[in-house]
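Student: One structure follows; several queries about it will come next.
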Number of protein chains: 2
Amino acid sequence: MFPTFQVRLAGLDPGGDYMLMMDFIPVDDKRYRYAFHSSSWIVAGKADPNSPPRIHVHPDSPNKGAQWMKQVLSFDKLKLTNNQLDDNGHIILNSMHRYQPRFHVVYVNCKGEDATATENFSTFVFPETKFTAVTAYQNHRITQLKIASNPFAKGFRDCDPDEW
Amino acid sequence: MFPTFQVRLAGLDPGGDYMLMMDFIPVDDKRYRYAFHSSSWIVAGKADPNSPPRIHVHPDSPNKGAQWMKQVLSFDKLKLTNNQLDDNGHIILNSMHRYQPRFHVVYVNCKGEDATATENFSTFVFPETKFTAVTAYQNHRITQLKIASNPFAKGFRDCDPDEW
DNA sequence: GCATTTTCACCTAGGTGTCAAGTT
DNA sequence: AACTTGACACCTAGGTGAAAATGC
């Protein structure tokens, strides 16, 4: 997923253990298609059936609050797929559907026998991170934006990288 | 470090938390040089002063016993340096000195307040992994062995990779 | 004279959009 | 007609020993 979801954490218990996670929930029960004449997405019917939702656990989990708060966190290992039979633990999405990423902070208290009974969750949603999943870009300006900002797409840039 | 230190674990508590670590201890208090005429290492004086020893923690730590036992463990992120002022957390060694890698399994019991009081260690030493640290290979057969076995050195192979 | 560092061509490994071909 | 897949050239990022340059 590019751009990568990045976040800075504050207010954690420095010595406590936390797991950080992300998941993706459908924004609505609709399927979309892109109307080129109006350059906008329009509803194209009811949503396709979706696989059981998956959760991406940040690979540095679990870790101390102090460690998580030290720097900006990046979910750069998170991968998306449209393959409903995916076997790599990637997040499964339906193409041409809208999704809202969610960020979860899980406090892991291991003092008790039954760990789950003492876990605390906080979930954060940033509405500006909603997106439509595609297998091919529908809008040339999105293509140009990603070519301009993703280092791996440098080979497609027209002019000097410093000019961007 | 190549070849990478790899090990398989058995007999852990599947639900318990473990940290896996490696460190490197001097084999003796000597400095060596390579005698080309006899193709062997000979003592060349007393050991140079060494920096405070560092410990490499396997980056997947901490993790459950069940997880550690699932596959062969590889310490492929472990890096060596001769830079006594290293700031990257690498293992600091003296060139032309002999070292013995050690492997540590640490059981992390977090039920008590003072975690260190309830930790249990096991240390494993494989004498066949002893080596002499160098900045340049002293023996052409070592060079050829590494060219033959390290995928990143394919550019230096003489014949078809399949023949090796 | 020996040991170390630096630069280099050559790899591995994998993330980009393009374009042609395939699918529904 | 709309959507998806796979091969591809072109990148990033970084691990090899060779050879030249530097240090002691």
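Residue numbers start at 1 in each chain; chains themselves are named A, B, ... in the order of the structure tokens; ligands are numbered from 1 in the order shown.
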Considering only C-alpha atoms (C1' of nucleotides), extract the chain A residues located within 9 Å of chain D and return them as a VMD selection string.

Tutor: chain A and resid 135 to 136 151 to 156

Student: Considering only C-alpha atoms (C1' of nucleotides), extract the chain C residues located within 8 Å of chain B and return them as a list in words.

Tutor: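 Using only C-alpha atoms (C1' of nucleotides), chain C residues at most 8 Å from chain B: DA3, DT4, DC10, DC11 and DT12 of chain C.
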
Student: Any chance you could export the current selection's C-alpha atoms (C1' of nucleotides) as an mmCIF file, in the first residue's frame?

Tutor:
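Produced file out.cif, reproduced below:
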```cif
data_model
loop_
_atom_site.group_PDB
_atom_site.id
_atom_site.type_symbol
_atom_site.label_atom_id
_atom_site.label_comp_id
_atom_site.auth_asym_id
_atom_site.auth_seq_id
_atom_site.Cartn_x
_atom_site.Cartn_y
_atom_site.Cartn_z
ATOM 1 C "C1'" DA C 3 46.491 -4.672 7.568
ATOM 2 C "C1'" DT C 4 42.601 -1.840 6.539
ATOM 3 C "C1'" DC C 10 28.140 -7.634 -10.330
ATOM 4 C "C1'" DC C 11 24.869 -9.876 -8.060
ATOM 5 C "C1'" DT C 12 20.041 -10.835 -5.064
#
```

Student: Write out as a compact mmCIF listing (two decimals) with C-alpha atoms, in the first residue's frame the set of residues from chain B that DSSP, computed on the backbone, places in helix (DSSP H, G or I).

Tutor:
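The resulting selection13.txt:
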```txt
# COMPACT_ATOMS: atom_id res chain seq x y z
CA GLY B 65 7.86 -20.99 22.26
CA ALA B 66 5.43 -22.47 19.76
CA GLN B 67 6.40 -19.81 17.21
CA TRP B 68 10.16 -20.31 17.70
CA MET B 69 9.85 -24.10 17.29
CA ALA B 115 11.04 -9.56 35.71
CA THR B 116 14.78 -10.21 35.99
CA ALA B 117 14.32 -12.16 39.20
CA THR B 118 12.31 -14.87 37.44
CA PRO B 127 32.66 -25.42 19.02
CA GLU B 128 32.58 -25.99 15.24
CA THR B 129 31.43 -22.37 14.78
CA HIS B 140 42.21 -18.65 -1.25
CA ARG B 141 40.17 -21.76 -0.48
CA ILE B 142 38.00 -19.75 1.92
CA THR B 143 37.41 -17.20 -0.83
CA GLN B 144 36.39 -19.94 -3.25
CA LEU B 145 34.16 -21.61 -0.66
CA LYS B 146 32.28 -18.36 -0.05
CA ILE B 147 32.00 -17.55 -3.76
CA ALA B 148 30.55 -21.02 -4.26
CA SER B 149 28.04 -20.85 -1.42
CA PRO B 151 24.24 -16.18 -3.57
CA PHE B 152 25.44 -12.57 -3.50
CA ALA B 153 28.84 -13.64 -4.85
CA LYS B 154 27.47 -15.28 -7.99
CA GLY B 155 29.19 -12.64 -10.10
CA PHE B 156 32.55 -14.20 -9.26
CA PRO B 161 25.91 -22.28 -10.97
CA ASP B 162 24.23 -25.70 -11.38
CA GLU B 163 27.59 -27.44 -11.50
```

Student: Need to verify the contact set: Thr4 (chain B), 6 Å, only C-alpha atoms (C1' of nucleotides), exclusion of same-chain residues closer than 2 positions in sequence. Can you return it as a count of residues only?

Tutor: 3

Student: Enumerate, as a ChimeraX atom specification, the complete set of residues in chain B that a backbone-based DSSP assignment places in strand (DSSP E).

Tutor: /B:6-7,17-26,30-35,40-46,56-57,63-64,73-74,80-81,91-92,98-108,120-125,131-132

Student: One decimal, in Å: what's the spacing between CA of His58 (chain A) and CA of Tyr18 (chain B)?

Tutor: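 Here the two named atoms are 18.9 Å from each other.
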
Student: For a test of reading the model, state the distance in Å between CA of His90 (chain A) and CA of Ser74 (chain B), rounded to one decimal.

Tutor: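 CA of Ser74 (chain B) lies 23.2 Å from CA of His90 (chain A).
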
Student: Return the single residue from B:Lys64, B:Lys70, B:Arg102, B:Lys130 that is closest to chain A, with distances computed using only C-alpha atoms.

Tutor: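 Among B:Lys64, B:Lys70, B:Arg102, B:Lys130, it is B:Lys64 that comes nearest to chain A.
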
Student: Restricting the calculation to only C-alpha atoms: of B:Ile42, B:Asp28, B:Pro101, B:Asn63, which residue gets closest to chain A?

Tutor: B:Asn63
